[in-house]
>>> print(open('my_file25.tsv').read())   # TSV, C-alpha atoms
chain	number	residue	atom	x	y	z
A	1	MET	CA	-188.99	-31.25	-154.63
A	2	SER	CA	-191.56	-34.05	-154.88
A	3	LEU	CA	-194.27	-34.85	-152.38
A	4	LYS	CA	-194.39	-38.47	-151.16
A	5	LYS	CA	-197.73	-40.19	-151.17
A	6	THR	CA	-199.02	-41.24	-147.72
A	7	SER	CA	-199.68	-44.95	-147.40
A	8	PRO	CA	-203.38	-45.69	-146.79
A	9	ALA	CA	-202.59	-48.49	-144.28
A	10	PRO	CA	-201.58	-46.31	-141.28
A	11	ILE	CA	-204.55	-44.05	-141.91
A	12	ALA	CA	-206.90	-47.01	-141.83
A	13	VAL	CA	-205.35	-48.31	-138.59
A	14	LEU	CA	-205.66	-44.86	-137.03
A	15	ALA	CA	-209.29	-44.65	-138.09
A	16	VAL	CA	-210.02	-48.03	-136.52
A	17	MET	CA	-208.30	-46.96	-133.29
A	18	ILE	CA	-210.40	-43.79	-133.15
A	19	VAL	CA	-213.59	-45.77	-133.68
A	20	LEU	CA	-212.62	-48.30	-131.00
A	21	ALA	CA	-211.69	-45.51	-128.58
A	22	THR	CA	-215.00	-43.80	-129.22
A	23	VAL	CA	-216.90	-47.04	-128.66
A	24	SER	CA	-214.91	-47.74	-125.49
A	25	CYS	CA	-215.63	-44.24	-124.16
A	26	GLU	CA	-219.31	-44.68	-124.88
A	27	LYS	CA	-219.33	-48.05	-123.12
A	28	LEU	CA	-217.50	-46.52	-120.16
A	29	LYS	CA	-219.94	-43.65	-120.07
A	30	ILE	CA	-222.93	-46.00	-120.15
A	31	SER	CA	-221.29	-48.20	-117.50
A	32	ARG	CA	-220.77	-45.18	-115.23
A	33	LEU	CA	-224.36	-44.06	-115.74
A	34	LYS	CA	-225.65	-47.52	-114.82
A	35	ALA	CA	-223.35	-47.54	-111.77
A	36	ASN	CA	-224.74	-44.19	-110.65
A	37	TYR	CA	-228.27	-45.52	-111.15
A	38	TYR	CA	-227.66	-48.52	-108.89
A	39	PHE	CA	-225.78	-46.34	-106.42
A	40	SER	CA	-228.75	-43.97	-106.20
A	41	ASN	CA	-231.14	-46.89	-105.68
A	42	ALA	CA	-228.87	-48.30	-103.01
A	43	ASN	CA	-228.74	-44.99	-101.15
A	44	GLN	CA	-232.52	-44.80	-101.18
A	45	ALA	CA	-232.81	-48.33	-99.82
A	46	PHE	CA	-230.17	-47.60	-97.16
A	47	SER	CA	-232.03	-44.47	-96.00
A	48	GLU	CA	-235.19	-46.58	-95.68
A	49	GLN	CA	-233.27	-49.27	-93.76
A	50	ARG	CA	-233.85	-51.85	-96.49
A	51	TYR	CA	-230.33	-53.11	-96.08
A	52	ARG	CA	-230.58	-56.26	-98.20
A	53	ASP	CA	-231.81	-54.23	-101.18
A	54	ALA	CA	-229.07	-51.70	-100.48
A	55	ILE	CA	-226.40	-54.44	-100.50
A	56	GLU	CA	-227.63	-55.80	-103.82
A	57	ASN	CA	-227.60	-52.38	-105.50
A	58	TYR	CA	-224.24	-51.28	-104.03
A	59	GLU	CA	-222.67	-54.49	-105.32
A	60	LYS	CA	-224.12	-53.91	-108.82
A	61	ALA	CA	-222.84	-50.33	-108.78
A	62	LEU	CA	-219.34	-51.51	-107.83
A	63	GLU	CA	-219.31	-54.14	-110.57
A	64	LEU	CA	-219.78	-51.30	-113.05
A	65	ASN	CA	-217.53	-48.75	-111.32
A	66	SER	CA	-215.01	-50.05	-108.81
A	67	ASN	CA	-213.89	-46.52	-107.89
A	68	LEU	CA	-217.07	-45.56	-106.06
A	69	VAL	CA	-215.51	-45.20	-102.62
A	70	GLN	CA	-218.79	-44.24	-100.95
A	71	ALA	CA	-220.43	-47.35	-102.41
A	72	TYR	CA	-217.81	-49.45	-100.60
A	73	ARG	CA	-218.40	-47.50	-97.42
A	74	PHE	CA	-222.18	-47.85	-97.43
A	75	LEU	CA	-221.96	-51.47	-98.57
A	76	GLY	CA	-219.93	-52.03	-95.41
A	77	GLU	CA	-222.45	-50.07	-93.35
A	78	SER	CA	-225.29	-52.13	-94.82
A	79	TYR	CA	-223.61	-55.40	-93.90
A	80	LYS	CA	-222.81	-53.92	-90.48
A	81	ALA	CA	-226.50	-53.09	-89.98
A	82	THR	CA	-227.42	-56.75	-90.56
A	83	PHE	CA	-224.70	-57.95	-88.18
A	84	SER	CA	-225.57	-58.80	-84.57
A	85	PRO	CA	-222.63	-58.25	-82.17
A	86	GLY	CA	-221.95	-61.20	-79.89
A	87	VAL	CA	-223.79	-63.74	-82.07
A	88	ASP	CA	-221.31	-66.33	-83.34
A	89	THR	CA	-223.42	-68.06	-85.99
A	90	GLU	CA	-221.75	-68.77	-89.33
A	91	ARG	CA	-224.09	-66.48	-91.29
A	92	ASN	CA	-223.66	-63.62	-88.82
A	93	MET	CA	-219.88	-63.83	-88.97
A	94	GLU	CA	-220.05	-63.90	-92.79
A	95	ARG	CA	-221.84	-60.54	-92.60
A	96	ALA	CA	-219.07	-59.25	-90.35
A	97	ASP	CA	-216.44	-60.39	-92.88
A	98	GLU	CA	-218.35	-58.73	-95.73
A	99	ALA	CA	-218.63	-55.50	-93.76
A	100	LEU	CA	-214.90	-55.50	-92.98
A	101	GLU	CA	-213.95	-56.28	-96.57
A	102	ALA	CA	-216.02	-53.39	-97.96
A	103	LEU	CA	-214.88	-50.90	-95.34
A	104	LYS	CA	-211.23	-51.90	-95.75
A	105	LYS	CA	-211.57	-51.30	-99.50
A	106	ALA	CA	-213.06	-47.86	-98.89
A	107	TYR	CA	-210.20	-47.12	-96.47
A	108	GLU	CA	-207.64	-48.33	-99.02
A	109	ILE	CA	-209.03	-45.94	-101.64
A	110	SER	CA	-209.47	-43.01	-99.27
A	111	PRO	CA	-207.15	-43.46	-96.24
A	112	GLU	CA	-207.58	-39.87	-95.02
A	113	ASN	CA	-211.38	-39.87	-94.94
A	114	GLU	CA	-212.36	-39.51	-91.26
A	115	THR	CA	-215.86	-40.87	-91.78
A	116	ILE	CA	-214.56	-44.03	-93.41
A	117	ILE	CA	-211.92	-44.49	-90.71
A	118	HIS	CA	-214.61	-44.13	-88.06
A	119	SER	CA	-216.85	-46.66	-89.84
A	120	LEU	CA	-214.05	-49.22	-89.97
A	121	ALA	CA	-213.03	-48.55	-86.36
A	122	ASP	CA	-216.64	-48.98	-85.29
A	123	MET	CA	-216.83	-52.36	-87.04
A	124	TYR	CA	-213.69	-53.57	-85.28
A	125	ASP	CA	-215.19	-52.28	-82.02
A	126	LYS	CA	-218.37	-54.28	-82.63
A	127	LEU	CA	-216.19	-57.35	-83.08
A	128	ARG	CA	-214.41	-56.48	-79.80
A	129	ASN	CA	-211.11	-56.18	-81.66
A	130	PHE	CA	-209.73	-53.57	-79.28
A	131	GLU	CA	-206.27	-53.18	-80.83
A	132	GLU	CA	-207.40	-52.55	-84.42
A	133	ALA	CA	-210.22	-50.26	-83.34
A	134	GLU	CA	-207.90	-48.28	-81.06
A	135	LYS	CA	-205.39	-47.67	-83.88
A	136	LEU	CA	-208.08	-46.18	-86.10
A	137	PHE	CA	-209.77	-44.09	-83.41
A	138	LEU	CA	-206.38	-42.63	-82.46
A	139	LYS	CA	-205.64	-41.90	-86.11
A	140	ILE	CA	-208.79	-39.76	-86.28
A	141	LEU	CA	-207.56	-37.84	-83.24
A	142	GLU	CA	-204.08	-37.39	-84.74
A	143	MET	CA	-205.53	-36.17	-88.04
A	144	ASN	CA	-207.75	-33.56	-86.42
A	145	PRO	CA	-206.62	-32.76	-82.86
A	146	THR	CA	-208.51	-29.44	-82.77
A	147	ASP	CA	-211.91	-31.10	-83.20
A	148	MET	CA	-213.11	-31.45	-79.62
A	149	SER	CA	-215.71	-34.07	-80.52
A	150	ASN	CA	-212.92	-36.48	-81.47
A	151	TYR	CA	-211.78	-36.64	-77.85
A	152	TYR	CA	-215.27	-37.75	-76.83
A	153	VAL	CA	-215.34	-40.38	-79.58
A	154	VAL	CA	-212.05	-41.89	-78.37
A	155	ALA	CA	-213.00	-41.55	-74.70
A	156	GLU	CA	-216.33	-43.30	-75.25
A	157	PHE	CA	-214.50	-46.10	-77.07
A	158	TYR	CA	-212.20	-46.66	-74.10
A	159	LYS	CA	-215.13	-46.34	-71.72
A	160	ARG	CA	-216.81	-49.37	-73.32
A	161	TYR	CA	-213.81	-51.48	-72.28
A	162	ALA	CA	-213.32	-49.91	-68.86
A	163	GLY	CA	-215.73	-52.29	-67.16
A	164	GLY	CA	-216.81	-52.06	-63.55
A	165	GLU	CA	-214.77	-51.97	-60.41
A	166	SER	CA	-215.06	-53.59	-57.05
A	167	GLU	CA	-216.06	-51.53	-54.03
A	168	GLU	CA	-212.63	-52.08	-52.50
A	169	GLU	CA	-210.81	-50.82	-55.58
A	170	ALA	CA	-213.01	-47.74	-55.78
A	171	GLU	CA	-212.63	-46.82	-52.12
A	172	GLU	CA	-208.87	-47.27	-52.20
A	173	GLY	CA	-208.55	-45.29	-55.42
A	174	GLU	CA	-207.35	-48.24	-57.50
A	175	GLU	CA	-208.35	-48.58	-61.14
A	176	ALA	CA	-210.86	-51.19	-62.29
A	177	GLU	CA	-208.41	-53.27	-64.26
A	178	LYS	CA	-204.75	-54.03	-63.88
A	179	GLY	CA	-202.49	-53.95	-66.95
A	180	ALA	CA	-200.08	-56.74	-67.78
A	181	GLU	CA	-197.23	-54.40	-66.81
A	182	LYS	CA	-197.04	-51.53	-64.37
A	183	ASP	CA	-196.62	-48.88	-67.05
A	184	GLU	CA	-199.47	-50.18	-69.21
A	185	LYS	CA	-202.56	-47.99	-69.01
A	186	THR	CA	-205.96	-49.58	-68.61
A	187	PRO	CA	-208.95	-48.60	-70.81
A	188	PHE	CA	-210.32	-46.72	-67.77
A	189	GLU	CA	-207.14	-44.66	-67.48
A	190	LYS	CA	-207.09	-43.98	-71.21
A	191	ALA	CA	-210.71	-42.84	-71.19
A	192	GLU	CA	-210.10	-40.58	-68.21
A	193	GLU	CA	-207.04	-39.13	-69.96
A	194	MET	CA	-209.10	-38.24	-73.05
A	195	TYR	CA	-211.76	-36.41	-71.00
A	196	LEU	CA	-209.06	-34.50	-69.13
A	197	ARG	CA	-207.21	-33.60	-72.33
A	198	ARG	CA	-210.47	-32.18	-73.65
A	199	ILE	CA	-210.80	-30.00	-70.56
A	200	GLU	CA	-207.16	-28.94	-70.80
A	201	LEU	CA	-207.68	-27.73	-74.38
A	202	GLU	CA	-210.81	-25.75	-73.50
A	203	PRO	CA	-210.81	-25.13	-69.74
A	204	TYR	CA	-213.61	-22.57	-69.96
A	205	ASN	CA	-216.02	-24.80	-71.85
A	206	PRO	CA	-218.51	-26.27	-69.32
A	207	GLN	CA	-219.36	-29.16	-71.62
A	208	GLY	CA	-216.03	-30.87	-70.91
A	209	TYR	CA	-216.77	-30.96	-67.18
A	210	ALA	CA	-220.25	-32.36	-67.78
A	211	TYR	CA	-218.86	-35.20	-69.90
A	212	ILE	CA	-216.22	-36.34	-67.44
A	213	ALA	CA	-218.72	-36.14	-64.58
A	214	GLN	CA	-221.08	-38.39	-66.52
A	215	PHE	CA	-218.18	-40.74	-67.20
A	216	TYR	CA	-217.56	-41.26	-63.48
A	217	GLU	CA	-221.28	-41.70	-62.77
A	218	ASP	CA	-221.65	-44.33	-65.50
A	219	LEU	CA	-219.09	-46.58	-63.81
A	220	GLU	CA	-220.07	-48.96	-61.04
A	221	LEU	CA	-221.41	-46.71	-58.31
A	222	SER	CA	-219.05	-46.01	-55.42
A	223	VAL	CA	-218.53	-43.18	-52.96
A	224	ARG	CA	-215.28	-42.22	-54.63
A	225	ARG	CA	-216.69	-42.13	-58.17
A	226	VAL	CA	-219.84	-40.23	-57.24
A	227	ASP	CA	-217.73	-37.63	-55.43
A	228	GLN	CA	-215.42	-37.33	-58.43
A	229	ALA	CA	-218.45	-36.68	-60.61
A	230	TYR	CA	-219.70	-34.05	-58.16
A	231	TYR	CA	-216.33	-32.28	-58.28
A	232	TYR	CA	-216.67	-31.74	-62.02
A	233	TYR	CA	-220.37	-30.87	-61.84
A	234	ASP	CA	-219.35	-28.20	-59.34
A	235	LYS	CA	-216.73	-26.89	-61.79
A	236	ARG	CA	-219.47	-26.66	-64.39
A	237	THR	CA	-221.74	-24.54	-62.18
A	238	GLN	CA	-218.81	-22.23	-61.49
A	239	LEU	CA	-218.52	-21.62	-65.23
A	240	GLU	CA	-222.26	-21.27	-65.86
A	241	PRO	CA	-223.90	-20.35	-62.54
A	242	ASP	CA	-227.18	-19.40	-64.24
A	243	ASN	CA	-227.74	-22.75	-65.94
A	244	PRO	CA	-230.51	-24.66	-64.07
A	245	ARG	CA	-229.56	-27.93	-65.77
A	246	ALA	CA	-226.06	-27.72	-64.33
A	247	TRP	CA	-227.51	-27.30	-60.83
A	248	LEU	CA	-229.94	-30.16	-61.45
A	249	SER	CA	-227.01	-32.50	-62.24
A	250	LYS	CA	-225.35	-31.58	-58.95
A	251	GLY	CA	-228.56	-32.15	-57.03
A	252	VAL	CA	-229.25	-35.56	-58.57
A	253	ASN	CA	-225.64	-36.55	-57.91
A	254	ARG	CA	-226.02	-35.80	-54.18
A	255	TRP	CA	-229.29	-37.75	-54.08
A	256	ALA	CA	-227.47	-40.73	-55.62
A	257	LYS	CA	-224.86	-40.56	-52.89
A	258	ALA	CA	-227.41	-40.27	-50.06
A	259	PHE	CA	-229.83	-42.90	-51.35
A	260	ARG	CA	-228.03	-45.38	-53.57
A	261	LEU	CA	-224.96	-45.54	-51.33
A	262	GLN	CA	-226.81	-45.47	-48.03
A	263	ASN	CA	-225.27	-48.76	-46.87
A	264	ARG	CA	-221.77	-47.29	-47.14
A	265	LEU	CA	-222.45	-44.02	-45.33
A	266	ASN	CA	-223.37	-43.06	-41.79
A	267	ARG	CA	-226.41	-40.95	-40.98
A	268	GLN	CA	-224.52	-37.67	-40.88
A	269	GLN	CA	-222.88	-38.28	-44.26
A	270	ARG	CA	-226.24	-39.13	-45.83
A	271	LEU	CA	-227.86	-36.06	-44.30
A	272	GLN	CA	-225.07	-33.81	-45.52
A	273	ALA	CA	-225.33	-35.16	-49.08
A	274	ALA	CA	-229.14	-34.89	-49.09
A	275	LYS	CA	-229.15	-31.29	-47.83
A	276	LYS	CA	-226.59	-30.30	-50.46
A	277	GLY	CA	-228.78	-31.98	-53.07
A	278	GLU	CA	-231.81	-30.07	-51.82
A	279	GLU	CA	-229.87	-26.81	-52.02
A	280	CYS	CA	-228.82	-27.47	-55.62
A	281	LEU	CA	-232.30	-28.49	-56.75
A	282	LEU	CA	-233.88	-25.41	-55.14
A	283	LYS	CA	-231.31	-23.29	-56.97
A	284	ALA	CA	-232.26	-24.92	-60.27
A	285	SER	CA	-235.97	-24.26	-59.71
A	286	GLU	CA	-235.23	-20.68	-58.66
A	287	LEU	CA	-233.27	-20.04	-61.88
A	288	ASP	CA	-236.10	-21.43	-64.03
A	289	PRO	CA	-239.46	-21.91	-62.29
A	290	THR	CA	-240.89	-23.43	-65.50
A	291	TYR	CA	-238.28	-26.23	-65.55
A	292	PRO	CA	-240.12	-29.40	-64.38
A	293	GLU	CA	-237.28	-31.79	-63.43
A	294	PRO	CA	-235.99	-30.01	-60.28
A	295	TYR	CA	-239.47	-30.30	-58.71
A	296	SER	CA	-239.55	-34.03	-59.45
A	297	TRP	CA	-236.17	-34.62	-57.82
A	298	LEU	CA	-237.03	-32.44	-54.83
A	299	SER	CA	-240.02	-34.72	-54.28
A	300	VAL	CA	-237.76	-37.76	-54.52
A	301	ILE	CA	-235.06	-36.43	-52.19
A	302	TYR	CA	-237.59	-35.40	-49.52
A	303	GLN	CA	-239.48	-38.68	-49.51
A	304	SER	CA	-236.76	-41.24	-50.22
A	305	VAL	CA	-233.97	-39.76	-48.09
A	306	LEU	CA	-234.76	-36.86	-45.74
A	307	ALA	CA	-238.02	-38.33	-44.41
A	308	LYS	CA	-236.17	-41.52	-43.46
A	309	ILE	CA	-233.05	-39.89	-42.05
A	310	ASP	CA	-235.06	-37.49	-39.86
A	311	PRO	CA	-238.17	-39.36	-38.57
A	312	ASP	CA	-239.19	-36.43	-36.34
A	313	ARG	CA	-239.72	-34.28	-39.43
A	314	ALA	CA	-240.82	-37.07	-41.73
A	315	ASN	CA	-244.41	-35.82	-42.11
A	316	ARG	CA	-243.22	-32.38	-43.18
A	317	TYR	CA	-240.80	-33.82	-45.73
A	318	ILE	CA	-243.50	-36.10	-47.14
A	319	GLU	CA	-245.91	-33.15	-47.44
A	320	ASP	CA	-243.25	-31.03	-49.13
A	321	GLY	CA	-242.47	-33.93	-51.43
A	322	GLN	CA	-246.12	-34.14	-52.49
A	323	MET	CA	-246.22	-30.38	-53.03
A	324	TYR	CA	-243.20	-30.50	-55.34
A	325	LEU	CA	-244.66	-33.48	-57.16
A	326	GLU	CA	-247.74	-31.38	-57.95
A	327	ARG	CA	-245.54	-28.54	-59.13
A	328	TYR	CA	-243.71	-30.97	-61.37
A	329	LYS	CA	-247.01	-32.09	-62.96
A	330	GLU	CA	-248.11	-28.50	-63.46
A	331	ALA	CA	-244.78	-27.53	-65.03
A	332	ARG	CA	-244.93	-30.55	-67.36
A	333	GLU	CA	-248.45	-29.63	-68.47
A	334	ALA	CA	-247.42	-26.02	-69.05
A	335	GLU	CA	-244.41	-27.19	-71.04
A	336	ALA	CA	-246.58	-29.45	-73.19
A	337	GLU	CA	-248.95	-26.54	-73.87
A	338	ARG	CA	-246.03	-24.31	-74.89
A	339	GLN	CA	-244.73	-26.95	-77.30
A	340	LYS	CA	-248.19	-27.42	-78.78
A	341	LEU	CA	-248.58	-23.68	-79.28
A	342	GLU	CA	-245.16	-23.41	-80.91
A	343	LYS	CA	-246.07	-26.15	-83.41
A	344	GLU	CA	-249.34	-24.41	-84.24
A	345	LEU	CA	-247.58	-21.10	-84.76
A	346	LYS	CA	-245.04	-22.74	-87.08
A	347	LYS	CA	-247.87	-24.16	-89.18
>>> encode(input="my_file25.tsv", output="structure tokens")
Amino acid sequence: MSLKKTSPAPIAVLAVMIVLATVSCEKLKISRLKANYYFSNANQAFSEQRYRDAIENYEKALELNSNLVQAYRFLGESYKATFSPGVDTERNMERADEALEALKKAYEISPENETIIHSLADMYDKLRNFEEAEKLFLKILEMNPTDMSNYYVVAEFYKRYAGGESEEEAEEGEEAEKGAEKDEKTPFEKAEEMYLRRIELEPYNPQGYAYIAQFYEDLELSVRRVDQAYYYYDKRTQLEPDNPRAWLSKGVNRWAKAFRLQNRLNRQQRLQAAKKGEECLLKASELDPTYPEPYSWLSVIYQSVLAKIDPDRANRYIEDGQMYLERYKEAREAEAERQKLEKELKK
């Protein structure tokens, strides 16, 4: 049996292919290293808020390695940082387009990345593109429905579009905006639904009640809204009766009703709200005598409301208000001393 001689031609071709592959790998390796170098420089510039330098370096990194998903994301964030919402100049809108293009690319590469989805949703929100932003914010919620913070993110998004409401609508219990059809929910209704869903999922977490109360207070002030906020502040104190900050929120809420809504209330209603506010603020100061804010608001409620509602006792309320103002100053000074001492001890 004879052995056949191997032709030298295929061997030579194979050798050339190996050399070319090796050279290509080396070039790819060098390219990736350069990309990482520019990416690192870009991150440093981004952290220092030098967004133009960051943009330049992210773009160089992506020219060398188009798979750097985080480079696309932070390139979009850099353009977003140079964009001014509401300014319709050609250059400003070009920055918006660049931000969207980069963030869409990041989303295309990594469609399940919550941070990237949020970044893109936020850009649409800044452009007041409600529909596109809503889709993405809801996708985050669908992807991770057990993360309670996601409900706040979506609720706050809707809240930005809820707008104000007229006094008549508030008093009659009507929503601020009317949908095109009866069954279409307004942004206000959607925001409210998100806060309530959060409470439903964790009914014993006081934070949920604090958030929805703040939501109602941040709307255009009305008797109905301020009372809705109080209802949830009260729920919060039921869950954490020893928290002075929870009682402070209730007290400030009652002051807002008695003072800021004085033209919509009669004397008895104002007095009732002010006395309830006083009761809550005294409770807060009793729970933590070193807590400054309750003293400040007691001073305010005595002098701005009770002294005016009850002229016969005005002098006493003014004196008490001054007394609590002094206590507030003392508590603030003591708090500052404590913080100073803590810093020294840490050193």
>>> atom_distance(input="my_file25.tsv", atom1="CA of Leu282 in chain A", atom2="CA of Gln207 in chain A")
22.3 Å
>>> residues_around(input="my_file25.tsv", residues="Glu330 in chain A", least_positions_apart="5", cutoff="10 Å", atoms="all atoms listed in the file", output="list in words")
Thr290, Pro292, Tyr324, Leu325, Glu335 and Ala336 of chain A
>>> residues_around(input="my_file25.tsv", residues="Gln322 in chain A", least_positions_apart="4", cutoff="10 Å", atoms="only C-alpha atoms", output="short mmCIF file (atom, residue, chain, number, x, y, z; two decimals) with C-alpha atoms, in the coordinates of the input")
data_model
loop_
_atom_site.label_atom_id
_atom_site.label_comp_id
_atom_site.auth_asym_id
_atom_site.auth_seq_id
_atom_site.Cartn_x
_atom_site.Cartn_y
_atom_site.Cartn_z
CA TYR A 295 -239.47 -30.30 -58.71
CA SER A 296 -239.55 -34.03 -59.45
CA LEU A 298 -237.03 -32.44 -54.83
CA SER A 299 -240.02 -34.72 -54.28
CA VAL A 300 -237.76 -37.76 -54.52
CA TYR A 302 -237.59 -35.40 -49.52
CA GLN A 303 -239.48 -38.68 -49.51
CA ARG A 316 -243.22 -32.38 -43.18
CA TYR A 317 -240.80 -33.82 -45.73
CA ILE A 318 -243.50 -36.10 -47.14
CA GLU A 326 -247.74 -31.38 -57.95
CA ARG A 327 -245.54 -28.54 -59.13
CA TYR A 328 -243.71 -30.97 -61.37
#
>>> atom_distance(input="my_file25.tsv", atom1="CA of Lys276 in chain A", atom2="CA of Gly251 in chain A")
7.1 Å
>>> residues_around(input="my_file25.tsv", residues="Arg52 in chain A", least_positions_apart="3", cutoff="9 Å", atoms="all atoms listed in the file", output="MDAnalysis selection string")
chainID A and resid 45:46 49 55:57 78:79 82
>>> atom_distance(input="my_file25.tsv", atom1="CA of Asn113 in chain A", atom2="CA of Lys80 in chain A")
18.7 Å
>>> axis_aligned_box(input="my_file25.tsv", around="range 129-142 of chain A", padding_each_side="5 Å", output="JSON")
{"center_x": -207.6, "center_y": -46.8, "center_z": -82.8, "size_x": 17.0, "size_y": 28.8, "size_z": 17.0}
>>> closest_residue(input="my_file25.tsv", among="A:Ile116, A:Val226, A:Met194, A:Met323", to="Val154 in chain A", atoms="all atoms listed in the file")
A:Met194
>>> closest_residue(input="my_file25.tsv", among="A:Ser304, A:Tyr151, A:Ser249, A:Arg225", to="Gln262 in chain A", atoms="only C-alpha atoms")
A:Ser304
>>> residues_near_point(input="my_file25.tsv", point="(-226.6, -22.9, -66.1)", cutoff="12 Å", atoms="only C-alpha atoms", output="PDB file with C-alpha atoms, keeping the file's coordinate frame")
ATOM      1  CA  PRO A 206    -218.510 -26.270 -69.320  1.00  0.00           C
ATOM      2  CA  GLN A 207    -219.360 -29.160 -71.620  1.00  0.00           C
ATOM      3  CA  ALA A 210    -220.250 -32.360 -67.780  1.00  0.00           C
ATOM      4  CA  TYR A 233    -220.370 -30.870 -61.840  1.00  0.00           C
ATOM      5  CA  ASP A 234    -219.350 -28.200 -59.340  1.00  0.00           C
ATOM      6  CA  LYS A 235    -216.730 -26.890 -61.790  1.00  0.00           C
ATOM      7  CA  ARG A 236    -219.470 -26.660 -64.390  1.00  0.00           C
ATOM      8  CA  THR A 237    -221.740 -24.540 -62.180  1.00  0.00           C
ATOM      9  CA  GLN A 238    -218.810 -22.230 -61.490  1.00  0.00           C
ATOM     10  CA  LEU A 239    -218.520 -21.620 -65.230  1.00  0.00           C
ATOM     11  CA  GLU A 240    -222.260 -21.270 -65.860  1.00  0.00           C
ATOM     12  CA  PRO A 241    -223.900 -20.350 -62.540  1.00  0.00           C
ATOM     13  CA  ASP A 242    -227.180 -19.400 -64.240  1.00  0.00           C
ATOM     14  CA  ASN A 243    -227.740 -22.750 -65.940  1.00  0.00           C
ATOM     15  CA  PRO A 244    -230.510 -24.660 -64.070  1.00  0.00           C
ATOM     16  CA  ARG A 245    -229.560 -27.930 -65.770  1.00  0.00           C
ATOM     17  CA  ALA A 246    -226.060 -27.720 -64.330  1.00  0.00           C
ATOM     18  CA  TRP A 247    -227.510 -27.300 -60.830  1.00  0.00           C
ATOM     19  CA  LEU A 248    -229.940 -30.160 -61.450  1.00  0.00           C
ATOM     20  CA  SER A 249    -227.010 -32.500 -62.240  1.00  0.00           C
ATOM     21  CA  LYS A 250    -225.350 -31.580 -58.950  1.00  0.00           C
ATOM     22  CA  CYS A 280    -228.820 -27.470 -55.620  1.00  0.00           C
ATOM     23  CA  LYS A 283    -231.310 -23.290 -56.970  1.00  0.00           C
ATOM     24  CA  ALA A 284    -232.260 -24.920 -60.270  1.00  0.00           C
ATOM     25  CA  SER A 285    -235.970 -24.260 -59.710  1.00  0.00           C
ATOM     26  CA  GLU A 286    -235.230 -20.680 -58.660  1.00  0.00           C
ATOM     27  CA  LEU A 287    -233.270 -20.040 -61.880  1.00  0.00           C
ATOM     28  CA  ASP A 288    -236.100 -21.430 -64.030  1.00  0.00           C
TER      29      ASP A 288
END
>>> closest_residue(input="my_file25.tsv", among="A:Ile140, A:Ala81, A:Leu62, A:Ala35", to="Arg50 in chain A", atoms="only C-alpha atoms")
A:Ala81
>>> closest_residue(input="my_file25.tsv", among="A:Arg95, A:Arg254, A:Arg32, A:Lys139", to="Thr115 in chain A", atoms="all atoms listed in the file")
A:Lys139
>>> residues_near_point(input="my_file25.tsv", point="(-207.1, -39.4, -66.5)", cutoff="12 Å", atoms="all atoms listed in the file", output="ChimeraX atom specification")
/A:155,158-159,175,185-200,212,215-216,228
>>> build_atoms(input="my_file25.tsv", residues="range 253-264 of chain A", atoms="N, CA and C atoms", output="mmCIF file, in the frame of the given file")
data_model
loop_
_atom_site.group_PDB
_atom_site.id
_atom_site.type_symbol
_atom_site.label_atom_id
_atom_site.label_comp_id
_atom_site.auth_asym_id
_atom_site.auth_seq_id
_atom_site.Cartn_x
_atom_site.Cartn_y
_atom_site.Cartn_z
ATOM 1 N N ASN A 253 -226.851 -35.860 -58.353
ATOM 2 C CA ASN A 253 -225.640 -36.550 -57.910
ATOM 3 C C ASN A 253 -225.632 -36.735 -56.394
ATOM 4 N N ARG A 254 -226.008 -35.704 -55.647
ATOM 5 C CA ARG A 254 -226.020 -35.800 -54.180
ATOM 6 C C ARG A 254 -227.124 -36.749 -53.704
ATOM 7 N N TRP A 255 -228.253 -36.770 -54.420
ATOM 8 C CA TRP A 255 -229.290 -37.750 -54.080
ATOM 9 C C TRP A 255 -228.751 -39.167 -54.254
ATOM 10 N N ALA A 256 -228.027 -39.400 -55.362
ATOM 11 C CA ALA A 256 -227.470 -40.730 -55.620
ATOM 12 C C ALA A 256 -226.554 -41.165 -54.490
ATOM 13 N N LYS A 257 -225.770 -40.215 -53.994
ATOM 14 C CA LYS A 257 -224.860 -40.560 -52.890
ATOM 15 C C LYS A 257 -225.652 -40.897 -51.629
ATOM 16 N N ALA A 258 -226.653 -40.084 -51.304
ATOM 17 C CA ALA A 258 -227.410 -40.270 -50.060
ATOM 18 C C ALA A 258 -228.313 -41.494 -50.101
ATOM 19 N N PHE A 259 -228.856 -41.815 -51.258
ATOM 20 C CA PHE A 259 -229.830 -42.900 -51.350
ATOM 21 C C PHE A 259 -229.222 -44.200 -51.844
ATOM 22 N N ARG A 260 -228.538 -44.149 -52.961
ATOM 23 C CA ARG A 260 -228.030 -45.380 -53.570
ATOM 24 C C ARG A 260 -226.823 -45.939 -52.842
ATOM 25 N N LEU A 261 -226.136 -45.085 -52.087
ATOM 26 C CA LEU A 261 -224.960 -45.540 -51.330
ATOM 27 C C LEU A 261 -225.206 -45.517 -49.823
ATOM 28 N N GLN A 262 -226.457 -45.615 -49.443
ATOM 29 C CA GLN A 262 -226.810 -45.470 -48.030
ATOM 30 C C GLN A 262 -226.158 -46.521 -47.143
ATOM 31 N N ASN A 263 -225.880 -47.708 -47.684
ATOM 32 C CA ASN A 263 -225.270 -48.760 -46.870
ATOM 33 C C ASN A 263 -223.790 -48.529 -46.609
ATOM 34 N N ARG A 264 -223.205 -47.561 -47.304
ATOM 35 C CA ARG A 264 -221.770 -47.290 -47.140
ATOM 36 C C ARG A 264 -221.514 -45.983 -46.391
#
